[in-house]
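Content type compact mmCIF, C-alpha atoms, from the file final_14.txt:
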# COMPACT_ATOMS: atom_id res chain seq x y z
CA MET C 166 0.00 0.00 0.00
CA ALA C 167 2.83 2.45 0.72
CA LEU C 168 4.11 2.07 -2.80
CA LEU C 169 0.73 2.69 -4.38
CA ARG C 170 0.07 5.71 -2.19
CA CYS C 171 3.37 7.13 -3.42
CA VAL C 172 2.21 6.66 -6.99
CA TRP C 173 -1.08 8.44 -6.33
CA ILE C 174 0.76 11.43 -4.93
CA VAL C 175 3.34 11.83 -7.67
CA GLY C 176 1.26 10.49 -10.57
CA LEU C 177 4.36 8.96 -12.19
CA CYS C 178 5.61 5.42 -12.58
CA PHE C 179 9.37 5.48 -12.17
CA PHE C 180 11.23 4.90 -8.95
CA ALA C 181 13.36 2.18 -7.41
CA SER C 182 11.39 -1.01 -6.82
CA VAL C 183 11.14 -2.22 -3.24
CA ALA C 184 9.75 -5.67 -2.46
CA ARG C 185 7.72 -6.00 0.71
CA ALA C 186 8.07 -8.87 3.16
CA ASP C 187 5.47 -10.94 1.27
CA GLU C 188 7.05 -10.24 -2.12
CA THR C 189 10.06 -11.43 -4.10
CA ALA C 190 11.91 -9.56 -6.84
CA ARG C 191 13.01 -11.79 -9.73
CA THR C 192 14.91 -10.92 -12.89
CA LEU C 193 13.36 -12.34 -16.07
CA PHE C 194 15.80 -11.02 -18.67
CA ALA C 195 19.33 -9.71 -18.03
CA PHE C 196 20.47 -10.00 -21.70
CA ASP C 197 23.94 -11.18 -20.69
CA GLU C 198 23.46 -14.78 -21.85
CA PRO C 199 24.83 -15.75 -25.29
CA THR C 200 21.34 -17.00 -26.19
CA ALA C 201 19.53 -13.81 -25.09
CA ALA C 202 18.53 -12.99 -28.65
CA ASP C 203 16.72 -16.33 -28.98
CA ALA C 204 14.09 -15.20 -26.46
CA TRP C 205 13.08 -12.01 -28.28
CA VAL C 206 11.61 -10.98 -31.62
CA GLY C 207 11.44 -7.59 -33.29
CA VAL C 208 8.10 -6.37 -34.68
CA ASN C 209 7.27 -3.94 -37.47
CA GLY C 210 10.80 -3.69 -38.77
CA LEU C 211 12.52 -3.14 -35.42
CA PRO C 212 15.53 -5.50 -35.30
CA ALA C 213 16.44 -7.37 -32.14
CA LYS C 214 19.95 -6.18 -31.25
CA PHE C 215 21.92 -6.83 -28.07
CA GLY C 216 25.20 -5.55 -26.66
CA ALA C 217 26.69 -3.05 -24.23
CA PRO C 218 25.42 0.54 -24.59
CA PRO C 219 28.32 2.80 -25.61
CA GLU C 220 29.55 4.92 -22.69
CA ALA C 221 26.68 3.66 -20.52
CA ALA C 222 28.94 2.57 -17.69
CA ALA C 223 30.28 6.09 -17.30
CA ALA C 224 26.91 7.80 -17.59
CA ASN C 225 25.53 7.01 -14.13
CA ALA C 226 24.87 3.98 -11.93
CA GLY C 227 22.93 1.28 -13.70
CA PRO C 228 23.15 -2.32 -14.91
CA ALA C 229 26.42 -3.57 -16.33
CA GLY C 230 26.93 -5.87 -19.30
CA ALA C 231 24.73 -6.42 -22.32
CA ALA C 232 21.34 -4.78 -22.93
CA ALA C 233 18.68 -4.80 -25.64
CA HIS C 234 18.92 -1.93 -28.14
CA LEU C 235 15.69 -0.45 -29.46
CA LYS C 236 16.44 1.93 -32.29
CA ALA C 237 13.26 2.66 -34.18
CA ALA C 238 12.86 4.90 -37.22
CA ALA C 239 9.09 4.75 -36.67
CA ALA C 240 6.65 2.69 -34.60
CA GLY C 241 7.97 -0.77 -33.76
CA GLY C 242 8.49 -3.13 -30.88
CA LEU C 243 10.52 -5.86 -29.22
CA TYR C 244 8.66 -8.77 -27.60
CA SER C 245 9.71 -11.78 -25.60
CA LYS C 246 8.77 -15.07 -27.21
CA ARG C 247 6.04 -17.19 -25.70
CA ASP C 248 7.19 -19.01 -22.58
CA ALA C 249 10.67 -17.47 -22.78
CA ALA C 250 10.17 -16.75 -19.08
CA PRO C 251 7.21 -18.84 -17.78
CA LEU C 252 5.35 -16.91 -15.13
CA ASP C 253 1.99 -16.69 -13.38
CA TRP C 254 1.26 -13.03 -14.00
CA THR C 255 -1.74 -13.07 -11.65
CA LYS C 256 0.76 -13.17 -8.76
CA VAL C 257 2.87 -10.26 -10.02
CA ARG C 258 2.44 -6.82 -8.43
CA ALA C 259 4.78 -4.92 -10.73
CA ALA C 260 7.27 -5.23 -13.56
CA THR C 261 10.49 -3.23 -13.58
CA PHE C 262 13.16 -2.46 -16.14
CA TRP C 263 16.13 -0.16 -16.65
CA ALA C 264 16.30 2.18 -19.63
CA TYR C 265 19.39 3.96 -20.97
CA ARG C 266 19.39 6.98 -23.26
CA SER C 267 22.52 8.67 -24.49
CA VAL C 268 22.91 12.46 -24.53
CA GLU C 269 22.74 12.37 -28.33
CA ALA C 270 19.53 10.30 -28.35
CA ALA C 271 17.91 12.61 -25.80
CA ALA C 272 18.89 15.62 -27.90
CA ALA C 273 17.30 14.07 -30.99
CA ASN C 274 14.08 13.15 -29.12
CA ALA C 275 13.50 15.01 -25.87
CA VAL C 276 10.74 12.54 -25.03
CA THR C 277 10.43 8.99 -26.33
CA PRO C 278 6.91 7.64 -25.64
CA ILE C 279 6.81 3.87 -25.29
CA GLU C 280 4.32 1.27 -24.16
CA VAL C 281 5.17 -1.63 -21.89
CA GLN C 282 2.80 -4.38 -23.01
CA PHE C 283 1.73 -7.70 -21.51
CA VAL C 284 0.35 -9.85 -24.31
CA GLU C 285 -2.08 -12.75 -24.19
CA VAL C 286 -1.30 -16.14 -25.69
CA ASP C 287 -3.10 -15.53 -29.00
CA GLY C 288 -1.68 -12.02 -29.40
CA LYS C 289 -5.12 -10.49 -29.92
CA THR C 290 -5.32 -8.49 -26.70
CA ARG C 291 -3.01 -7.07 -24.06
CA PHE C 292 -2.52 -4.92 -20.99
CA TRP C 293 -0.33 -1.87 -21.52
CA ARG C 294 1.00 1.26 -19.89
CA LYS C 295 2.46 4.33 -21.56
CA ILE C 296 5.78 5.64 -20.27
CA ASP C 297 7.58 8.75 -21.46
CA LEU C 298 11.35 8.29 -21.49
CA ASN C 299 12.74 11.79 -20.92
CA HIS C 300 15.99 11.14 -19.06
CA THR C 301 19.63 10.64 -19.98
CA GLY C 302 21.83 7.83 -18.73
CA TRP C 303 20.27 4.96 -16.78
CA GLN C 304 16.84 5.13 -15.11
CA GLN C 305 14.79 2.36 -13.52
CA TYR C 306 11.04 2.29 -14.20
CA GLU C 307 8.31 0.38 -12.45
CA VAL C 308 5.03 -0.62 -14.06
CA PRO C 309 2.33 -1.42 -11.45
CA LEU C 310 0.20 -4.12 -13.04
CA ARG C 311 -2.86 -2.85 -11.16
CA TRP C 312 -2.67 0.35 -13.18
CA CYS C 313 -2.40 -0.95 -16.74
CA ARG C 314 -4.85 -0.15 -19.49
CA TRP C 315 -6.66 -2.66 -21.72
CA SER C 316 -6.43 -2.91 -25.46
CA THR C 317 -9.76 -2.30 -27.20
CA GLY C 318 -12.30 -5.05 -27.75
CA ARG C 319 -11.75 -8.23 -25.79
CA ILE C 320 -10.65 -7.57 -22.21
CA PRO C 321 -7.29 -9.20 -21.44
CA GLN C 322 -6.81 -11.61 -18.55
CA TRP C 323 -3.59 -11.79 -16.54
CA SER C 324 -3.95 -15.57 -16.39
CA ARG C 325 -3.49 -15.70 -20.18
CA VAL C 326 -0.48 -13.36 -20.49
CA VAL C 327 2.60 -15.12 -21.87
CA ARG C 328 4.95 -12.37 -23.08
CA ILE C 329 6.16 -8.87 -22.32
CA GLY C 330 6.90 -6.27 -24.97
CA PHE C 331 8.30 -2.78 -25.41
CA TRP C 332 6.56 -0.79 -28.15
CA CYS C 333 7.98 2.45 -29.54
CA ARG C 334 5.13 4.76 -30.48
CA GLU C 335 7.43 6.78 -32.72
CA ALA C 336 11.12 7.14 -33.58
CA GLY C 337 13.47 6.60 -30.66
CA ASP C 338 16.85 5.27 -29.60
CA PHE C 339 17.31 3.63 -26.18
CA TRP C 340 18.40 0.45 -24.42
CA ILE C 341 16.60 -1.75 -21.89
CA ASP C 342 18.11 -4.09 -19.32
CA ASP C 343 17.28 -6.16 -16.25
CA VAL C 344 13.59 -6.76 -16.96
CA ALA C 345 12.22 -8.06 -13.66
CA VAL C 346 9.02 -8.67 -11.73
CA VAL C 347 7.93 -8.28 -8.12
CA GLU C 348 5.99 -11.42 -7.22
CA SER C 349 3.54 -11.60 -4.33
CA THR C 350 2.08 -14.40 -2.25
CA GLU C 351 -1.31 -12.69 -2.51
CA ALA C 352 -3.94 -14.10 -4.85
CA ASP C 353 -4.77 -11.81 -7.77
CA ALA C 354 -1.85 -9.51 -6.94
CA ALA C 355 -2.11 -8.00 -10.41
CA GLU C 356 -5.63 -6.69 -9.74
CA LEU C 357 -6.70 -3.65 -7.76
CA SER C 358 -8.06 -4.89 -4.42
CA ALA C 359 -11.25 -3.60 -2.82
CA ASP C 360 -9.26 -1.81 -0.11
CA GLU C 361 -7.00 -0.14 -2.68
CA LEU C 362 -10.03 0.90 -4.71
CA ARG C 363 -11.62 2.42 -1.59
CA ASP C 364 -8.47 4.32 -0.64
CA PHE C 365 -8.06 5.65 -4.17
CA ALA C 366 -11.71 6.61 -4.58
CA PHE C 367 -11.79 8.39 -1.21
CA PRO C 368 -8.20 9.51 -0.50
CA GLU C 369 -9.22 11.99 2.20
CA THR C 370 -12.20 10.22 3.71
CA GLY C 371 -11.24 6.59 3.11
CA ALA C 372 -11.66 5.69 6.75
CA LYS C 373 -15.30 6.80 6.57
CA ALA C 374 -16.01 4.99 3.31
CA ARG C 375 -17.64 1.58 3.45
CA THR C 376 -17.00 -1.57 1.44
CA GLU C 377 -20.00 -3.86 1.14
CA LYS C 378 -19.41 -7.22 -0.50
CA GLY C 379 -22.10 -9.49 -1.87
CA LYS C 380 -21.80 -12.69 -3.86
CA ASN C 381 -21.17 -10.89 -7.15
CA VAL C 382 -20.75 -7.25 -6.17
CA THR C 383 -18.17 -5.12 -4.42
CA LEU C 384 -19.75 -1.82 -3.40
CA VAL C 385 -17.61 1.07 -2.16
CA THR C 386 -19.28 4.26 -0.97
CA ASP C 387 -19.07 7.26 1.35
CA ILE C 388 -22.82 7.95 1.20
CA ALA C 389 -24.10 7.96 4.79
CA GLU C 390 -27.75 7.77 3.71
CA LEU C 391 -27.23 4.75 1.44
CA ASP C 392 -28.46 1.36 2.69
CA ALA C 393 -25.39 -0.48 1.41
CA PRO C 394 -26.55 -4.04 2.36
CA GLN C 395 -29.88 -3.44 0.62
CA LEU C 396 -28.24 -2.18 -2.56
CA ALA C 397 -25.65 -4.99 -2.60
CA ALA C 398 -28.44 -7.56 -2.28
CA HIS C 399 -30.36 -5.81 -5.07
CA LEU C 400 -27.36 -5.88 -7.40
CA ASP C 401 -26.67 -9.50 -6.54
CA LYS C 402 -30.20 -10.31 -7.74
CA ALA C 403 -29.38 -8.65 -11.06
CA ALA C 404 -26.16 -10.69 -11.31
CA ALA C 405 -28.16 -13.85 -10.58
CA ALA C 406 -30.63 -12.97 -13.33
CA ILE C 407 -27.80 -12.51 -15.83
CA ALA C 408 -26.28 -15.84 -14.78
CA ALA C 409 -29.66 -17.58 -15.15
CA ASP C 410 -30.17 -16.11 -18.62
CA MET C 411 -26.63 -16.99 -19.74
CA PRO C 412 -25.42 -19.98 -17.68
CA PHE C 413 -22.83 -20.76 -20.34
CA LEU C 414 -20.78 -17.77 -19.14
CA GLY C 415 -19.65 -19.73 -16.07
CA GLU C 416 -18.35 -18.15 -12.87
CA THR C 417 -17.45 -14.49 -13.01
CA PRO C 418 -15.69 -12.10 -10.63
CA ALA C 419 -17.78 -9.56 -8.76
CA GLY C 420 -18.78 -6.38 -10.50
CA ARG C 421 -17.36 -3.24 -8.87
CA ILE C 422 -19.34 -0.08 -8.16
CA VAL C 423 -18.21 3.12 -6.44
CA LEU C 424 -20.88 5.59 -5.31
CA PHE C 425 -20.10 9.13 -4.20
CA THR C 426 -21.96 11.56 -1.97
CA ASP C 427 -20.78 14.43 -4.14
CA ARG C 428 -21.39 14.71 -7.91
CA THR C 429 -18.09 16.54 -8.42
CA ALA C 430 -16.16 13.76 -6.69
CA TYR C 431 -17.94 11.26 -8.96
CA GLN C 432 -16.90 13.20 -12.04
CA GLN C 433 -13.30 13.62 -10.90
CA PHE C 434 -12.93 9.91 -10.13
CA THR C 435 -12.86 9.11 -13.85
CA VAL C 436 -10.36 11.90 -14.49
CA ARG C 437 -8.08 10.74 -11.66
CA THR C 438 -8.33 7.10 -12.73
CA ALA C 439 -7.32 8.03 -16.26
CA GLU C 440 -4.35 9.97 -14.89
CA MET C 441 -3.28 6.93 -12.88
CA LEU C 442 -3.35 4.97 -16.14
CA ASN C 443 -1.15 7.65 -17.75
CA SER C 444 -4.10 8.65 -19.89
CA ALA C 445 -6.72 11.38 -19.98
CA ALA C 446 -10.52 11.48 -19.72
CA GLN C 447 -13.26 14.07 -19.55
CA PRO C 448 -15.57 14.23 -16.51
CA PRO C 449 -18.76 12.27 -17.25
CA THR C 450 -21.93 14.34 -17.65
CA SER C 451 -24.40 11.46 -17.28
CA GLY C 452 -25.91 10.16 -14.06
CA GLY C 453 -23.65 7.12 -14.13
CA PHE C 454 -20.49 6.02 -15.89
CA THR C 455 -18.49 2.80 -16.12
CA PHE C 456 -14.79 3.13 -16.89
CA TRP C 457 -12.04 0.51 -16.74
CA GLY C 458 -14.58 -2.00 -15.42
CA ILE C 459 -15.60 0.19 -12.46
CA ALA C 460 -19.21 1.39 -12.30
CA THR C 461 -19.74 4.82 -10.74
CA SER C 462 -22.53 7.20 -9.82
CA PHE C 463 -23.53 9.62 -7.06
CA TRP C 464 -26.25 10.16 -4.46
CA ASP C 465 -29.57 11.71 -5.34
CA PRO C 466 -32.07 11.73 -2.44
CA ALA C 467 -34.96 11.82 -4.92
CA TYR C 468 -34.13 8.23 -5.97
CA GLY C 469 -32.73 6.84 -2.72
CA THR C 470 -30.80 3.61 -2.33
CA LEU C 471 -32.33 1.70 -5.25
CA ARG C 472 -31.62 4.30 -7.91
CA PRO C 473 -32.06 2.67 -11.36
CA VAL C 474 -28.78 4.04 -12.72
CA TYR C 475 -26.87 2.15 -10.01
CA LEU C 476 -28.11 -1.15 -11.41
CA HIS C 477 -27.55 -0.03 -15.00
CA GLU C 478 -23.89 0.79 -14.39
CA PHE C 479 -23.34 -2.29 -12.24
CA VAL C 480 -24.50 -4.46 -15.16
CA HIS C 481 -21.79 -2.87 -17.32
CA SER C 482 -19.13 -3.72 -14.73
CA TYR C 483 -20.42 -7.26 -14.28
CA LEU C 484 -20.57 -7.87 -18.03
CA ASP C 485 -17.02 -6.60 -18.49
CA SER C 486 -15.97 -9.66 -16.51
CA ALA C 487 -18.67 -12.05 -17.68
CA LEU C 488 -18.38 -11.33 -21.41
CA GLN C 489 -14.74 -10.13 -21.38
CA LEU C 490 -15.84 -7.42 -23.80
CA ASP C 491 -15.09 -3.82 -22.88
CA ASN C 492 -18.01 -1.43 -22.54
CA SER C 493 -17.76 1.10 -25.36
CA GLY C 494 -21.39 2.21 -25.33
CA GLU C 495 -22.32 -0.13 -28.19
CA TRP C 496 -25.57 -2.06 -28.59
CA LEU C 497 -24.72 -5.21 -26.64
CA HIS C 498 -23.52 -3.51 -23.45
CA GLU C 499 -26.16 -0.77 -23.51
CA GLY C 500 -28.87 -3.20 -24.56
CA MET C 501 -28.01 -5.61 -21.73
CA ALA C 502 -27.73 -2.84 -19.12
CA SER C 503 -31.03 -1.29 -20.23
CA HIS C 504 -32.79 -4.66 -20.39
CA TYR C 505 -31.88 -5.60 -16.81
CA GLN C 506 -32.56 -2.09 -15.55
CA LEU C 507 -36.08 -2.33 -16.97
CA ARG C 508 -36.54 -5.79 -15.49
CA PHE C 509 -35.72 -4.60 -11.96
CA HIS C 510 -36.96 -1.02 -12.36
CA PRO C 511 -39.93 -1.22 -14.78
CA GLN C 512 -40.77 1.89 -16.78
CA GLU C 513 -44.53 2.34 -16.96
CA ASN C 514 -44.71 3.63 -20.53
CA PHE C 515 -41.99 1.42 -22.02
CA GLY C 516 -44.46 -0.80 -23.88
CA GLU C 517 -45.97 2.26 -25.53
CA ILE C 518 -42.49 3.48 -26.53
CA VAL C 519 -41.75 0.12 -28.16
CA ARG C 520 -45.08 -0.14 -29.95
CA ASN C 521 -44.72 3.36 -31.36
CA GLY C 522 -41.09 2.67 -32.23
CA ILE C 523 -41.72 -0.43 -34.34
CA SER C 524 -44.86 0.90 -36.01
CA ASP C 525 -42.92 2.71 -38.74
CA PRO C 526 -39.38 2.00 -40.08
CA GLY C 527 -38.79 5.74 -39.82
CA ASN C 528 -39.14 5.49 -36.04
CA PHE C 529 -36.25 3.11 -35.46
CA GLN C 530 -32.65 2.83 -36.58
CA PRO C 531 -31.88 0.17 -39.22
CA LEU C 532 -30.45 -2.86 -37.44
CA GLU C 533 -27.39 -2.97 -39.69
CA THR C 534 -26.51 0.47 -38.27
CA LEU C 535 -27.60 -0.10 -34.67
CA LEU C 536 -25.69 -3.38 -34.39
CA ASN C 537 -22.43 -2.30 -36.04
CA GLY C 538 -20.42 -2.37 -32.80
CA ARG C 539 -20.06 1.40 -32.52
CA LYS C 540 -21.41 3.65 -29.77
CA ILE C 541 -25.18 4.10 -29.92
CA GLU C 542 -27.28 7.14 -29.07
CA LEU C 543 -29.41 7.37 -25.93
CA ASN C 544 -32.62 7.50 -27.99
CA THR C 545 -31.89 4.01 -29.36
CA TYR C 546 -31.41 2.30 -25.99
CA TRP C 547 -35.01 1.05 -26.11
CA GLN C 548 -34.25 -0.64 -29.42
CA ALA C 549 -31.04 -2.27 -28.17
CA ALA C 550 -32.85 -3.43 -25.01
CA THR C 551 -35.64 -5.11 -26.96
CA PHE C 552 -33.20 -6.73 -29.39
CA VAL C 553 -31.22 -8.14 -26.46
CA ASP C 554 -34.52 -9.33 -24.95
CA MET C 555 -35.14 -11.30 -28.17
CA LEU C 556 -31.66 -12.87 -28.09
CA LEU C 557 -32.17 -13.90 -24.46
CA HIS C 558 -35.75 -15.13 -24.55
CA ASP C 559 -36.81 -16.10 -28.06
CA GLU C 560 -36.16 -19.84 -28.14
CA ALA C 561 -34.61 -19.92 -31.61
CA TYR C 562 -32.24 -17.02 -30.97
CA ARG C 563 -31.42 -18.05 -27.40
CA ALA C 564 -29.96 -21.32 -28.69
CA LYS C 565 -27.58 -19.39 -30.94
CA LEU C 566 -26.48 -16.85 -28.34
CA PRO C 567 -23.49 -18.76 -26.85
CA GLY C 568 -21.80 -19.12 -30.24
CA LEU C 569 -22.52 -15.52 -31.17
CA LEU C 570 -21.09 -14.10 -27.94
CA ASN C 571 -17.99 -16.26 -28.28
CA ALA C 572 -17.52 -14.94 -31.83
CA PHE C 573 -17.81 -11.36 -30.55
CA ARG C 574 -15.22 -12.12 -27.87
CA GLU C 575 -12.78 -13.64 -30.33
CA ALA C 576 -13.24 -10.77 -32.78
CA GLY C 577 -13.01 -8.16 -30.03
CA SER C 578 -16.06 -6.47 -31.51
CA THR C 579 -19.85 -6.68 -31.27
CA ASP C 580 -20.30 -5.78 -34.94
CA LEU C 581 -23.05 -8.22 -35.93
CA GLY C 582 -22.56 -7.86 -39.69
CA PRO C 583 -19.59 -10.27 -40.06
CA GLN C 584 -21.26 -12.84 -37.75
CA LEU C 585 -24.86 -12.58 -38.94
CA GLN C 586 -25.07 -15.42 -41.47
CA THR C 587 -22.70 -17.76 -39.63
CA TYR C 588 -24.33 -17.59 -36.21
CA LEU C 589 -27.90 -16.38 -36.78
CA GLY C 590 -28.45 -17.55 -40.34
CA LYS C 591 -30.40 -14.42 -41.22
CA THR C 592 -30.25 -11.38 -43.43
CA PHE C 593 -30.76 -8.00 -41.78
CA GLU C 594 -34.17 -7.81 -43.46
CA GLU C 595 -35.19 -11.15 -41.93
CA LEU C 596 -33.69 -10.17 -38.58
CA THR C 597 -35.70 -6.93 -38.56
CA ALA C 598 -38.93 -8.80 -39.28
CA ASP C 599 -38.23 -11.26 -36.44
CA TRP C 600 -37.42 -8.44 -34.03
CA GLN C 601 -40.60 -6.52 -34.88
CA ALA C 602 -42.69 -9.66 -34.44
CA PHE C 603 -41.03 -10.38 -31.08
CA CYS C 604 -41.77 -6.84 -29.89
CA LYS C 605 -45.42 -7.14 -30.91
CA ARG C 606 -45.76 -10.39 -28.96
CA THR C 607 -43.87 -9.18 -25.89
CA TYR C 608 -44.73 -5.51 -25.50
Could you take the file, read its structure, and then write that structure out as structure tokens?
Amino acid sequence: MALLRCVWIVGLCFFASVARADETARTLFAFDEPTAADAWVGVNGLPAKFGAPPEAAAANAGPAGAAAHLKAAAAGGLYSKRDAAPLDWTKVRAATFWAYRSVEAAAANAVTPIEVQFVEVDGKTRFWRKIDLNHTGWQQYEVPLRWCRWSTGRIPQWSRVVRIGFWCREAGDFWIDDVAVVESTEADAAELSADELRDFAFPETGAKARTEKGKNVTLVTDIAELDAPQLAAHLDKAAAAIAADMPFLGETPAGRIVLFTDRTAYQQFTVRTAEMLNSAAQPPTSGGFTFWGIATSFWDPAYGTLRPVYLHEFVHSYLDSALQLDNSGEWLHEGMASHYQLRFHPQENFGEIVRNGISDPGNFQPLETLLNGRKIELNTYWQAATFVDMLLHDEAYRAKLPGLLNAFREAGSTDLGPQLQTYLGKTFEELTADWQAFCKRTY
């Protein structure tokens, strides 16, 4: 915890790594072995070169011996080969490495932006963190695994990571050495724990904040008026409904939701989280927002403990884990969240909205547009919710849902077009007719 608190204060990611009593530092790659090159491969034209950095020993204290040279004319990377250093990444708290830049290289590029990447076995998805190299001589950097971003589409899993990589975003000239990890005896050391989430969400009032855990929900809040056990039980019922509708998803981790007394604190949480990920984000303007798998909202006494948006955002967080597809505001995530919100918080006039919506093709968005995997507009949520309802509860479509969701996961996209014939056996015209008929029967 001391290390992470230091990061939150300075907002940077380089400093000497210190292993706690329950942790062990282990070097994965020192590059001094004659066979070092056999464990690495260059990508996008970047050659894998190894040797001693010229004048590095005299520059300042740092590793001795051979290092890996990354000299890129444009974007390119260097990646360890699969199983070059077998490791259970779920038990790793941080990765560390040394970087060397000569005076000449620093003069040519004052800042060299790179990404440290942790790549899954099939290479389709990864965790990553951006680091700006802006020093001369040797500098050690630490990458806290808890604060890594996801690649778009399918959400990566630390249990499937098999290689580490260094990606140059643009031209640069530097060396890396002594790539190491800090391993922990804690389970899921690579993930942000509930206590760490609480302390980050409420840095000044953390002691007053509460953590309420249910079977499938972790709720963190500083709202005194909130009945946390009641809300956790309510969200667990939603998780149980999702599991009953899609039992093929198997066991999933708990969804995470952070609720703030103050709307400004809610908005700034997303901004601060993005900063911790070495990224940037705008404060959300909606009543709820899910970012990086964490659902968030704020207190409104008019709605009380069982505010509908709490359940809506929780469903996003839960589905991030259950589907392993990142929420990007597209039809599947928004349709699922809206469907379960309506199930647990019925809207009196929803049937009328649907009936009016399907009565004329001019009243609804063509399905080939709605279901293209891109962000949808708020005024089409009703349409996405009813389409999801059909996939979940129409017998013919329900049978095809497991294969379709798996195809989305593998593709890293919920664009239905490429999967339509293979998994649903329909044209968009036929799909539209089926959807309208389902809505007439159901609503």
request  = Find the residues near stretch 234-248 of chain C: any atom within 8 Å, counting all atoms listed in the file, skip ones fewer than 6 places away on the same chain, and give them as an MDAnalysis selection string.
outcome  = chainID C and resid 204:216 218 286 327:341
query = Could you pull the residues within 12 Å of C:Asp559, counting all atoms listed in the file, minus those fewer than 4 positions along the same chain, as a list in words?
reply =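 Answer for this query is Asp410, Thr551, Phe552, Val553, Asp554, Met555, Arg563, Ala564, Lys565, Leu566, Asp599, Trp600, Ala602, Phe603, Cys604, Arg606 and Thr607 of chain C.
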key: Counting only C-alpha atoms, the option among C:Ala549, C:Leu569, C:Val308, C:Ala487 closest to C:Gln322   =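 Result for the nearest residue to C:Gln322: C:Ala487.
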key: Point (-28.8, -1.2, -13.7), cut-off 10 Å, counting all atoms listed in the file, residues as a PyMOL selection string   = chain C and resi 399-400+403+453+471-481+501-510
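Interatomic distance, atom CA of C:Phe283 to atom CA of C:Arg539: 26.1 Å.
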inquiry  = Residues within 12 Å of (-42.1, 1.7, -36.3), file coordinates, counting all atoms listed in the file: what are they? Give the list as a VMD selection string.
reply    = chain C and resid 517 to 531 548 597 to 598 600 to 602 604 to 605
Residue contacts of stretch 379-382 of chain C (7 Å, all atoms listed in the file) excluding same-chain residues fewer than 5 positions away, as a list in words =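 Final neighbour list, sorted by chain and number: Ala397, Ala398, Leu400, Asp401, Ala404, Pro418, Ala419, Gly420 and Arg421 of chain C.
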key: Separation of atom CA of C:Arg311 from atom CA of C:Ala259, in Å and rounded to one decimal   =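 Atom CA of C:Arg311 sits 7.9 Å away from atom CA of C:Ala259.
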message = Just to confirm, what's the straight-line distance from atom CA of C:Ala226 to atom CA of C:Ser267 in Å (one decimal)?
response =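 Rounded to one decimal, the two atoms are 13.6 Å apart.
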inquiry  = Using only C-alpha atoms for the distances, tell me which of C:Leu557, C:Glu361, C:Gly302, C:Pro448 is nearest to C:Ala406.
reply    = C:Leu557
task = Name the closest residue to C:Thr261 among the candidates C:Phe194, C:Phe425, C:Trp323, C:Tyr562; distances are taken between atoms, counting only C-alpha atoms.
result =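 Using only C-alpha atoms, the shortest distance to C:Thr261 belongs to C:Phe194.
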Once you count only C-alpha atoms, what closest atom pair and distance in Å to one decimal does each residue of stretch 323-367 of chain C within 12 Å of stretch 312-317 of chain C have, with rows by chain and rising residue number, as CSV?
residue,atom,partner,partner_atom,distance
C:Trp323,CA,C:Cys313,CA,10.9
C:Ala354,CA,C:Trp312,CA,11.7
C:Ala355,CA,C:Trp312,CA,8.8
C:Glu356,CA,C:Trp312,CA,8.4
C:Leu357,CA,C:Trp312,CA,7.8
C:Ser358,CA,C:Trp312,CA,11.5
C:Glu361,CA,C:Trp312,CA,11.4
C:Leu362,CA,C:Trp312,CA,11.2
C:Phe365,CA,C:Trp312,CA,11.8
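Closest approach to C:Glu307 from the set C:Ser349, C:Val344, C:Ala273, C:Pro321 is made by C:Val344, with distances taken over only C-alpha atoms.
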key: Selected residue of minimal separation from C:Thr470 among C:Gly415, C:Gly568, C:Pro228, C:Pro394, counting all atoms listed in the file   =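 Of C:Gly415, C:Gly568, C:Pro228, C:Pro394, the one nearest C:Thr470 is C:Pro394, counting all atoms listed in the file.
Closest to C:Ile459 among C:Thr383, C:Phe413, C:Thr534, C:Leu396 is C:Thr383, based on all atoms listed in the file.
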